[in-house]
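Trainee: Contents of structure-v3.cif (mmCIF, C-alpha atoms; chains and numbers go by the auth columns) are below:
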data_run
#
loop_
_atom_site.group_PDB
_atom_site.id
_atom_site.type_symbol
_atom_site.label_atom_id
_atom_site.label_comp_id
_atom_site.label_asym_id
_atom_site.label_seq_id
_atom_site.Cartn_x
_atom_site.Cartn_y
_atom_site.Cartn_z
_atom_site.B_iso_or_equiv
_atom_site.auth_seq_id
_atom_site.auth_asym_id
ATOM 1 C CA ALA A 1 12.782 0.343 -12.470 0.00 1 A
ATOM 2 C CA GLN A 2 11.826 1.479 -9.023 0.00 2 A
ATOM 3 C CA LYS A 3 12.686 -0.414 -5.891 0.00 3 A
ATOM 4 C CA VAL A 4 12.046 0.035 -2.186 0.00 4 A
ATOM 5 C CA THR A 5 13.964 -1.907 0.441 0.00 5 A
ATOM 6 C CA GLN A 6 12.955 -2.243 4.050 0.00 6 A
ATOM 7 C CA ALA A 7 15.752 -4.340 5.448 0.00 7 A
ATOM 8 C CA GLN A 8 14.157 -4.853 8.860 0.00 8 A
ATOM 9 C CA THR A 9 11.456 -7.484 8.672 0.00 9 A
ATOM 10 C CA GLU A 10 10.490 -7.299 12.350 0.00 10 A
ATOM 11 C CA ILE A 11 11.345 -5.067 15.285 0.00 11 A
ATOM 12 C CA SER A 12 10.330 -5.773 18.850 0.00 12 A
ATOM 13 C CA VAL A 13 10.502 -3.052 21.508 0.00 13 A
ATOM 14 C CA VAL A 14 9.178 -2.396 24.956 0.00 14 A
ATOM 15 C CA GLU A 15 6.663 0.377 25.401 0.00 15 A
ATOM 16 C CA LYS A 16 8.161 3.869 25.616 0.00 16 A
ATOM 17 C CA GLU A 17 11.238 2.902 23.641 0.00 17 A
ATOM 18 C CA ASP A 18 11.963 4.701 20.403 0.00 18 A
ATOM 19 C CA VAL A 19 11.970 2.694 17.194 0.00 19 A
ATOM 20 C CA THR A 20 13.395 3.662 13.803 0.00 20 A
ATOM 21 C CA LEU A 21 12.303 1.997 10.586 0.00 21 A
ATOM 22 C CA ASP A 22 14.681 2.114 7.652 0.00 22 A
ATOM 23 C CA CYS A 23 13.645 2.664 4.050 0.00 23 A
ATOM 24 C CA VAL A 24 16.013 2.814 1.087 0.00 24 A
ATOM 25 C CA TYR A 25 14.746 3.471 -2.407 0.00 25 A
ATOM 26 C CA GLU A 26 16.014 3.345 -5.978 0.00 26 A
ATOM 27 C CA THR A 27 14.648 5.366 -8.858 0.00 27 A
ATOM 28 C CA ARG A 28 15.844 7.106 -12.014 0.00 28 A
ATOM 29 C CA ASP A 29 13.107 9.723 -11.824 0.00 29 A
ATOM 30 C CA THR A 30 14.178 13.204 -10.777 0.00 30 A
ATOM 31 C CA THR A 31 10.712 13.884 -9.416 0.00 31 A
ATOM 32 C CA TYR A 32 9.256 11.253 -7.161 0.00 32 A
ATOM 33 C CA TYR A 33 7.187 10.814 -4.048 0.00 33 A
ATOM 34 C CA LEU A 34 7.765 8.815 -0.916 0.00 34 A
ATOM 35 C CA PHE A 35 5.093 7.518 1.424 0.00 35 A
ATOM 36 C CA TRP A 36 4.712 5.664 4.666 0.00 36 A
ATOM 37 C CA TYR A 37 1.666 3.548 5.455 0.00 37 A
ATOM 38 C CA LYS A 38 0.618 1.724 8.588 0.00 38 A
ATOM 39 C CA GLN A 39 -1.175 -1.622 8.450 0.00 39 A
ATOM 40 C CA PRO A 40 -2.694 -2.520 11.829 0.00 40 A
ATOM 41 C CA PRO A 41 -3.823 -6.091 12.549 0.00 41 A
ATOM 42 C CA SER A 42 -7.235 -5.310 11.049 0.00 42 A
ATOM 43 C CA GLY A 43 -5.572 -5.158 7.630 0.00 43 A
ATOM 44 C CA GLU A 44 -6.412 -1.828 6.087 0.00 44 A
ATOM 45 C CA LEU A 45 -3.559 0.461 5.085 0.00 45 A
ATOM 46 C CA VAL A 46 -3.514 3.863 6.702 0.00 46 A
ATOM 47 C CA PHE A 47 -1.660 6.719 5.042 0.00 47 A
ATOM 48 C CA LEU A 48 0.860 8.429 7.325 0.00 48 A
ATOM 49 C CA ILE A 49 2.953 10.814 5.247 0.00 49 A
ATOM 50 C CA ARG A 50 3.883 11.878 1.731 0.00 50 A
ATOM 51 C CA ARG A 51 7.127 13.584 0.821 0.00 51 A
ATOM 52 C CA ASN A 52 8.197 14.804 -2.626 0.00 52 A
ATOM 53 C CA SER A 53 11.761 14.613 -3.867 0.00 53 A
ATOM 54 C CA PHE A 54 12.301 18.362 -3.742 0.00 54 A
ATOM 55 C CA ASP A 55 11.445 18.704 -0.088 0.00 55 A
ATOM 56 C CA GLU A 56 14.169 17.343 2.144 0.00 56 A
ATOM 57 C CA GLN A 57 12.870 18.933 5.295 0.00 57 A
ATOM 58 C CA ASN A 58 12.374 16.491 8.080 0.00 58 A
ATOM 59 C CA GLU A 59 8.894 16.338 9.498 0.00 59 A
ATOM 60 C CA ILE A 60 7.473 15.684 12.909 0.00 60 A
ATOM 61 C CA SER A 61 3.882 14.811 13.658 0.00 61 A
ATOM 62 C CA GLY A 62 3.280 14.027 17.291 0.00 62 A
ATOM 63 C CA ARG A 63 5.344 10.976 18.183 0.00 63 A
ATOM 64 C CA TYR A 64 6.160 10.320 14.519 0.00 64 A
ATOM 65 C CA SER A 65 9.095 11.816 12.667 0.00 65 A
ATOM 66 C CA TRP A 66 10.597 11.270 9.257 0.00 66 A
ATOM 67 C CA ASN A 67 14.165 11.781 8.048 0.00 67 A
ATOM 68 C CA PHE A 68 14.513 12.175 4.278 0.00 68 A
ATOM 69 C CA GLN A 69 18.080 12.077 2.986 0.00 69 A
ATOM 70 C CA LYS A 70 18.339 12.275 -0.770 0.00 70 A
ATOM 71 C CA SER A 71 22.109 11.761 -0.703 0.00 71 A
ATOM 72 C CA THR A 72 21.646 8.265 0.695 0.00 72 A
ATOM 73 C CA SER A 73 18.234 7.593 -0.928 0.00 73 A
ATOM 74 C CA SER A 74 16.687 6.972 2.443 0.00 74 A
ATOM 75 C CA PHE A 75 13.412 7.939 4.057 0.00 75 A
ATOM 76 C CA ASN A 76 13.486 6.671 7.619 0.00 76 A
ATOM 77 C CA PHE A 77 10.623 6.741 10.090 0.00 77 A
ATOM 78 C CA THR A 78 10.959 7.068 13.858 0.00 78 A
ATOM 79 C CA ILE A 79 8.302 6.429 16.470 0.00 79 A
ATOM 80 C CA THR A 80 9.194 8.141 19.720 0.00 80 A
ATOM 81 C CA ALA A 81 8.007 6.721 23.043 0.00 81 A
ATOM 82 C CA SER A 82 6.293 3.790 21.369 0.00 82 A
ATOM 83 C CA GLN A 83 2.913 2.558 22.544 0.00 83 A
ATOM 84 C CA VAL A 84 1.196 -0.793 22.201 0.00 84 A
ATOM 85 C CA VAL A 85 -1.172 0.740 19.636 0.00 85 A
ATOM 86 C CA ASP A 86 1.829 1.336 17.389 0.00 86 A
ATOM 87 C CA SER A 87 2.087 -2.413 16.822 0.00 87 A
ATOM 88 C CA ALA A 88 1.535 -2.870 13.109 0.00 88 A
ATOM 89 C CA VAL A 89 3.268 -3.469 9.822 0.00 89 A
ATOM 90 C CA TYR A 90 4.713 -0.315 8.332 0.00 90 A
ATOM 91 C CA PHE A 91 5.277 0.085 4.622 0.00 91 A
ATOM 92 C CA CYS A 92 7.449 2.537 2.776 0.00 92 A
ATOM 93 C CA ALA A 93 6.404 3.263 -0.815 0.00 93 A
ATOM 94 C CA LEU A 94 7.755 5.121 -3.830 0.00 94 A
ATOM 95 C CA GLY A 95 5.806 6.794 -6.637 0.00 95 A
ATOM 96 C CA GLY A 96 7.069 8.385 -9.838 0.00 96 A
ATOM 97 C CA ALA A 97 5.991 11.659 -11.394 0.00 97 A
ATOM 98 C CA ALA A 98 4.059 9.936 -14.195 0.00 98 A
ATOM 99 C CA GLY A 99 1.312 8.768 -11.919 0.00 99 A
ATOM 100 C CA ASN A 100 0.705 7.404 -8.488 0.00 100 A
ATOM 101 C CA LYS A 101 1.508 3.789 -9.197 0.00 101 A
ATOM 102 C CA LEU A 102 3.279 2.988 -5.977 0.00 102 A
ATOM 103 C CA THR A 103 6.062 0.519 -5.426 0.00 103 A
ATOM 104 C CA PHE A 104 5.996 -0.823 -1.890 0.00 104 A
ATOM 105 C CA GLY A 105 8.763 -2.153 0.276 0.00 105 A
ATOM 106 C CA GLY A 106 8.376 -5.508 1.964 0.00 106 A
ATOM 107 C CA GLY A 107 7.190 -3.927 5.198 0.00 107 A
ATOM 108 C CA THR A 108 8.519 -3.922 8.744 0.00 108 A
ATOM 109 C CA ARG A 109 6.478 -5.501 11.494 0.00 109 A
ATOM 110 C CA VAL A 110 6.706 -3.536 14.739 0.00 110 A
ATOM 111 C CA LEU A 111 5.733 -5.242 17.954 0.00 111 A
ATOM 112 C CA VAL A 112 5.472 -3.018 21.002 0.00 112 A
ATOM 113 C CA LYS A 113 5.288 -4.959 24.231 0.00 113 A
ATOM 114 C CA PRO A 114 3.743 -3.479 27.371 0.00 114 A
ATOM 115 C CA SER B 1 -13.162 12.636 1.064 0.00 1 B
ATOM 116 C CA GLN B 2 -13.128 9.181 -0.468 0.00 2 B
ATOM 117 C CA THR B 3 -14.663 5.960 0.763 0.00 3 B
ATOM 118 C CA ILE B 4 -13.738 2.620 -0.736 0.00 4 B
ATOM 119 C CA HIS B 5 -16.137 -0.275 -0.410 0.00 5 B
ATOM 120 C CA GLN B 6 -14.619 -3.675 -0.918 0.00 6 B
ATOM 121 C CA TRP B 7 -16.371 -7.006 -0.524 0.00 7 B
ATOM 122 C CA PRO B 8 -16.489 -9.641 0.628 0.00 8 B
ATOM 123 C CA ALA B 9 -14.200 -9.277 3.648 0.00 9 B
ATOM 124 C CA THR B 10 -13.277 -12.949 3.662 0.00 10 B
ATOM 125 C CA LEU B 11 -13.712 -15.687 1.106 0.00 11 B
ATOM 126 C CA VAL B 12 -12.871 -19.374 0.987 0.00 12 B
ATOM 127 C CA GLN B 13 -12.986 -20.927 -2.450 0.00 13 B
ATOM 128 C CA PRO B 14 -11.960 -24.322 -3.819 0.00 14 B
ATOM 129 C CA VAL B 15 -9.272 -24.684 -6.428 0.00 15 B
ATOM 130 C CA GLY B 16 -10.707 -24.349 -9.919 0.00 16 B
ATOM 131 C CA SER B 17 -13.662 -22.198 -8.891 0.00 17 B
ATOM 132 C CA PRO B 18 -14.263 -18.706 -10.314 0.00 18 B
ATOM 133 C CA LEU B 19 -13.630 -15.476 -8.448 0.00 19 B
ATOM 134 C CA SER B 20 -15.171 -12.035 -8.497 0.00 20 B
ATOM 135 C CA LEU B 21 -14.104 -9.319 -6.062 0.00 21 B
ATOM 136 C CA GLU B 22 -15.725 -5.935 -6.312 0.00 22 B
ATOM 137 C CA CYS B 23 -14.549 -2.505 -5.295 0.00 23 B
ATOM 138 C CA THR B 24 -16.511 0.725 -5.499 0.00 24 B
ATOM 139 C CA VAL B 25 -15.367 4.231 -4.700 0.00 25 B
ATOM 140 C CA GLU B 26 -17.387 7.109 -3.318 0.00 26 B
ATOM 141 C CA GLY B 27 -16.247 10.679 -3.678 0.00 27 B
ATOM 142 C CA THR B 28 -14.340 12.479 -6.407 0.00 28 B
ATOM 143 C CA SER B 29 -14.814 11.157 -9.937 0.00 29 B
ATOM 144 C CA ASN B 30 -12.134 9.899 -12.355 0.00 30 B
ATOM 145 C CA PRO B 31 -9.962 8.114 -9.820 0.00 31 B
ATOM 146 C CA ASN B 32 -7.060 5.887 -10.687 0.00 32 B
ATOM 147 C CA LEU B 33 -7.942 2.456 -9.360 0.00 33 B
ATOM 148 C CA TYR B 34 -5.641 -0.331 -8.247 0.00 34 B
ATOM 149 C CA TRP B 35 -5.687 -3.937 -7.143 0.00 35 B
ATOM 150 C CA TYR B 36 -2.866 -5.015 -4.847 0.00 36 B
ATOM 151 C CA ARG B 37 -2.221 -8.451 -3.382 0.00 37 B
ATOM 152 C CA GLN B 38 -0.435 -9.181 -0.162 0.00 38 B
ATOM 153 C CA ALA B 39 0.695 -12.763 0.386 0.00 39 B
ATOM 154 C CA ALA B 40 0.977 -13.891 3.998 0.00 40 B
ATOM 155 C CA GLY B 41 3.864 -12.103 5.706 0.00 41 B
ATOM 156 C CA ARG B 42 4.881 -10.355 2.497 0.00 42 B
ATOM 157 C CA GLY B 43 4.731 -6.914 0.948 0.00 43 B
ATOM 158 C CA LEU B 44 2.189 -5.501 -1.454 0.00 44 B
ATOM 159 C CA GLN B 45 2.289 -6.482 -5.100 0.00 45 B
ATOM 160 C CA LEU B 46 0.512 -4.347 -7.683 0.00 46 B
ATOM 161 C CA LEU B 47 -1.684 -6.536 -9.859 0.00 47 B
ATOM 162 C CA PHE B 48 -3.698 -4.122 -11.993 0.00 48 B
ATOM 163 C CA TYR B 49 -4.340 -0.442 -12.305 0.00 49 B
ATOM 164 C CA SER B 50 -6.806 1.611 -14.288 0.00 50 B
ATOM 165 C CA VAL B 51 -6.798 5.285 -15.265 0.00 51 B
ATOM 166 C CA GLY B 52 -10.290 5.220 -16.765 0.00 52 B
ATOM 167 C CA ILE B 53 -13.325 3.159 -17.763 0.00 53 B
ATOM 168 C CA GLY B 54 -12.267 0.112 -19.759 0.00 54 B
ATOM 169 C CA GLN B 55 -8.553 0.921 -19.374 0.00 55 B
ATOM 170 C CA ILE B 56 -6.675 -1.802 -17.548 0.00 56 B
ATOM 171 C CA SER B 57 -2.940 -2.253 -17.153 0.00 57 B
ATOM 172 C CA SER B 58 -1.597 -5.541 -15.900 0.00 58 B
ATOM 173 C CA GLU B 59 1.561 -5.531 -13.856 0.00 59 B
ATOM 174 C CA VAL B 60 2.115 -9.228 -13.375 0.00 60 B
ATOM 175 C CA PRO B 61 1.142 -12.075 -15.733 0.00 61 B
ATOM 176 C CA GLN B 62 -1.129 -14.351 -13.783 0.00 62 B
ATOM 177 C CA ASN B 63 -4.356 -16.187 -13.421 0.00 63 B
ATOM 178 C CA LEU B 64 -6.345 -13.042 -12.705 0.00 64 B
ATOM 179 C CA SER B 65 -8.024 -10.323 -14.737 0.00 65 B
ATOM 180 C CA ALA B 66 -9.563 -6.962 -13.937 0.00 66 B
ATOM 181 C CA SER B 67 -12.325 -4.846 -15.402 0.00 67 B
ATOM 182 C CA ARG B 68 -13.636 -1.343 -14.884 0.00 68 B
ATOM 183 C CA PRO B 69 -17.194 -1.178 -16.184 0.00 69 B
ATOM 184 C CA GLN B 70 -17.959 2.140 -14.493 0.00 70 B
ATOM 185 C CA ASP B 71 -15.888 5.099 -13.362 0.00 71 B
ATOM 186 C CA ARG B 72 -15.911 4.096 -9.711 0.00 72 B
ATOM 187 C CA GLN B 73 -16.151 0.326 -10.008 0.00 73 B
ATOM 188 C CA PHE B 74 -13.203 -2.029 -10.247 0.00 74 B
ATOM 189 C CA ILE B 75 -13.592 -5.798 -10.418 0.00 75 B
ATOM 190 C CA LEU B 76 -10.990 -8.511 -9.967 0.00 76 B
ATOM 191 C CA SER B 77 -11.814 -11.876 -11.514 0.00 77 B
ATOM 192 C CA SER B 78 -10.531 -15.329 -12.190 0.00 78 B
ATOM 193 C CA LYS B 79 -12.036 -18.168 -14.200 0.00 79 B
ATOM 194 C CA LYS B 80 -10.237 -20.864 -12.236 0.00 80 B
ATOM 195 C CA LEU B 81 -8.532 -20.199 -8.935 0.00 81 B
ATOM 196 C CA LEU B 82 -5.167 -21.667 -8.035 0.00 82 B
ATOM 197 C CA LEU B 83 -3.791 -22.340 -4.572 0.00 83 B
ATOM 198 C CA SER B 84 -1.236 -19.600 -5.188 0.00 84 B
ATOM 199 C CA ASP B 85 -4.052 -17.056 -5.558 0.00 85 B
ATOM 200 C CA SER B 86 -4.571 -17.105 -1.802 0.00 86 B
ATOM 201 C CA GLY B 87 -3.802 -13.795 -0.176 0.00 87 B
ATOM 202 C CA PHE B 88 -5.099 -10.470 0.999 0.00 88 B
ATOM 203 C CA TYR B 89 -6.472 -8.360 -1.851 0.00 89 B
ATOM 204 C CA LEU B 90 -6.621 -4.620 -1.481 0.00 90 B
ATOM 205 C CA CYS B 91 -8.361 -2.129 -3.705 0.00 91 B
ATOM 206 C CA ALA B 92 -6.999 1.407 -3.757 0.00 92 B
ATOM 207 C CA CYS B 93 -7.763 4.712 -5.419 0.00 93 B
ATOM 208 C CA GLY B 94 -5.789 7.859 -6.090 0.00 94 B
ATOM 209 C CA TRP B 95 -5.744 11.049 -8.120 0.00 95 B
ATOM 210 C CA GLY B 96 -2.325 11.734 -9.620 0.00 96 B
ATOM 211 C CA ALA B 97 1.194 11.710 -8.237 0.00 97 B
ATOM 212 C CA ASN B 98 0.547 14.318 -5.585 0.00 98 B
ATOM 213 C CA SER B 99 -2.013 12.430 -3.620 0.00 99 B
ATOM 214 C CA PRO B 100 -1.630 9.320 -1.511 0.00 100 B
ATOM 215 C CA LEU B 101 -3.532 6.155 -2.259 0.00 101 B
ATOM 216 C CA HIS B 102 -6.602 5.355 -0.226 0.00 102 B
ATOM 217 C CA PHE B 103 -7.146 1.702 0.493 0.00 103 B
ATOM 218 C CA GLY B 104 -10.209 -0.410 1.118 0.00 104 B
ATOM 219 C CA ASN B 105 -10.424 -2.832 4.017 0.00 105 B
ATOM 220 C CA GLY B 106 -9.322 -5.741 1.874 0.00 106 B
ATOM 221 C CA THR B 107 -10.570 -9.230 1.063 0.00 107 B
ATOM 222 C CA ARG B 108 -8.830 -12.201 2.586 0.00 108 B
ATOM 223 C CA LEU B 109 -9.026 -15.017 0.039 0.00 109 B
ATOM 224 C CA THR B 110 -8.190 -18.592 0.921 0.00 110 B
ATOM 225 C CA VAL B 111 -8.089 -21.097 -1.898 0.00 111 B
ATOM 226 C CA THR B 112 -8.409 -24.658 -0.633 0.00 112 B
#
Is it possible to give me this structure as structure tokens?

Mentor:
Amino acid sequence: AQKVTQAQTEISVVEKEDVTLDCVYETRDTTYYLFWYKQPPSGELVFLIRRNSFDEQNEISGRYSWNFQKSTSSFNFTITASQVVDSAVYFCALGGAAGNKLTFGGGTRVLVKP
Amino acid sequence: SQTIHQWPATLVQPVGSPLSLECTVEGTSNPNLYWYRQAAGRGLQLLFYSVGIGQISSEVPQNLSASRPQDRQFILSSKKLLLSDSGFYLCACGWGANSPLHFGNGTRLTVT
């Protein structure tokens, strides 16, 4: 069975601080996919990034960066110089090779204060 | 690109009443379709998914059912709602393991 754990339920930071969201996953698949989604207060989920299990390169997109470490089964997400608009719930998700039935973590609520 | 239409946006229903939530997808044909539920302050729970017309897989035994009468239409139903059915229901679509899921705007259901 697949499992995704986001141990941090809520993180509060002041604007311009960096914030790192932890994600630890469990799977027996050798091929799998990891995702991060953002859920702003309006409710819809917005796709941020997909990473497959064979690509351990870290990725940076603007103020967002992701650190994939297969050895520790982690796929952490860092927001650099946070802004109020980053306030949202962030979900890490895991999908197996058989299809894109995603297993989501419990989410981490990020509150960025001005 | 894909667009997911989900309605209604909010719904308040009494216990014991029926439910019908509809989701339609614009764009590429033959999507995989999903219903997720998010309880207040909780993560997303997969309820049903479908890989084709009339093909429904249930992830969690419950008071709900799903149907897919057309390729791009996915319906979530209940004959008699329970208080525990309250939550935020999200429809999603995807095309295989390489692509991310695209989500609709969700329906916030309150059962009173």

Trainee: Name the residues that the PyMOL selection byres ((chain A) within 8 of (chain B)) pulls out of this structure, and write them as a PyMOL selection string.

Mentor: chain A and resi 33+35+43-47+50+91+95-101+103-107

Trainee: Please indicate the distance in Å from atom CA of B:Gly54 to atom CA of B:His5, rounded to one decimal place.

Mentor: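 Between atom CA of B:Gly54 and atom CA of B:His5 the gap works out to 19.7 Å.
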
Trainee: With all atoms listed in the file as the counted atoms, please give the residues lying no more than 12 Å from B:Leu11, apart from itself and same-chain residues fewer than 6 positions off, as a CSV table (one decimal) with C-alpha atoms, in the coordinates of the input.

Mentor:
chain,number,residue,atom,x,y,z
B,17,SER,CA,-13.7,-22.2,-8.9
B,18,PRO,CA,-14.3,-18.7,-10.3
B,19,LEU,CA,-13.6,-15.5,-8.4
B,20,SER,CA,-15.2,-12.0,-8.5
B,21,LEU,CA,-14.1,-9.3,-6.1
B,85,ASP,CA,-4.1,-17.1,-5.6
B,86,SER,CA,-4.6,-17.1,-1.8
B,87,GLY,CA,-3.8,-13.8,-0.2
B,88,PHE,CA,-5.1,-10.5,1.0
B,89,TYR,CA,-6.5,-8.4,-1.9
B,106,GLY,CA,-9.3,-5.7,1.9
B,107,THR,CA,-10.6,-9.2,1.1
B,108,ARG,CA,-8.8,-12.2,2.6
B,109,LEU,CA,-9.0,-15.0,0.0
B,110,THR,CA,-8.2,-18.6,0.9
B,111,VAL,CA,-8.1,-21.1,-1.9
B,112,THR,CA,-8.4,-24.7,-0.6

Trainee: Let me know the residues the PyMOL selection byres ((chain A and resi 114) around 12) catches in the file above, as a PyMOL selection string.

Mentor: chain A and resi 12-17+81-87+111-113

Trainee: What is the atom CA of A:Gln69 to atom CA of A:Ala7 distance in Å?

Mentor: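 Computing it gives 16.8 Å between the two atoms.
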